[in-house]
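Novice: So that we are looking at the same thing, I have put the structure below in structure tokens.
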Amino acid sequence: MPGTLSFMWTTVYAAAEDKPNVVLNRDELSLYTAPKQMYRYVEPEESQLEHGVATVRKTVEPYSTWCQGAYGNIKPKVESVIQRGHDTYAYLRNPPENFYPRAGVIGFAGVVGLLLARGSRIKKIIYPAGLMTAGASLYYPEKAAALAKSTGESVYDWALQSYVAFDKMLHPESKPEKNAASDDKP
């Protein structure tokens, strides 16, 4: 029966602004167009809460930008520390042969250095570090030699840069020397 209902002739009453009680056929009605409606958008007034939130956002925005920049700088460093932690954990799960006895001797040398370094703070830094370095160099001589060489080169470079900077502070205006040959010419 639903198919036969589409052939029925019906009358539809529509309200029109200019002609009241106008009779329209079903075929005259458009299914695809909506009647024009007179809507007008009105901007709501800013409430006190919205004004307060906007003020807080404007105040906090520079700090938020600074924190985002700091986070961008710190994040790679933290990730590298985490990666080193994972690598160290993996290394300690499968250590090389005689690793723990060597680490024990090097650590014991550091404790002996702390016991011998009574008194000044400089001794408390130098003695343990020196004894641990000596213990490590006994077990790892190739690495100790390579480290000593690279450290020696960097210390030399640093000392040379310090000397040049100190010399510039003492003699800020160095005049160029005149050639003896240029003085003889008339």
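In the structure tokens, each chain is lettered A, B, ... as it comes, each chain's residues begin at 1, and ligands are numbered from 1 in order of appearance.
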Within region 10-156 of chain A, find each residue whose DSSP state, derived from the backbone, is helix (DSSP H, G or I), and express the selection as a ChimeraX atom specification.

Specialist: /A:26-28,48-93,99-116,121-139,141-156

Novice: Measuring atom to atom with only C-alpha atoms, identify which of A:Pro95, A:Ala109, A:Leu115, A:Ala146 is nearest to Thr133 (chain A).

Specialist: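 Of A:Pro95, A:Ala109, A:Leu115, A:Ala146, the one nearest Thr133 (chain A), counting only C-alpha atoms, is A:Ala109.
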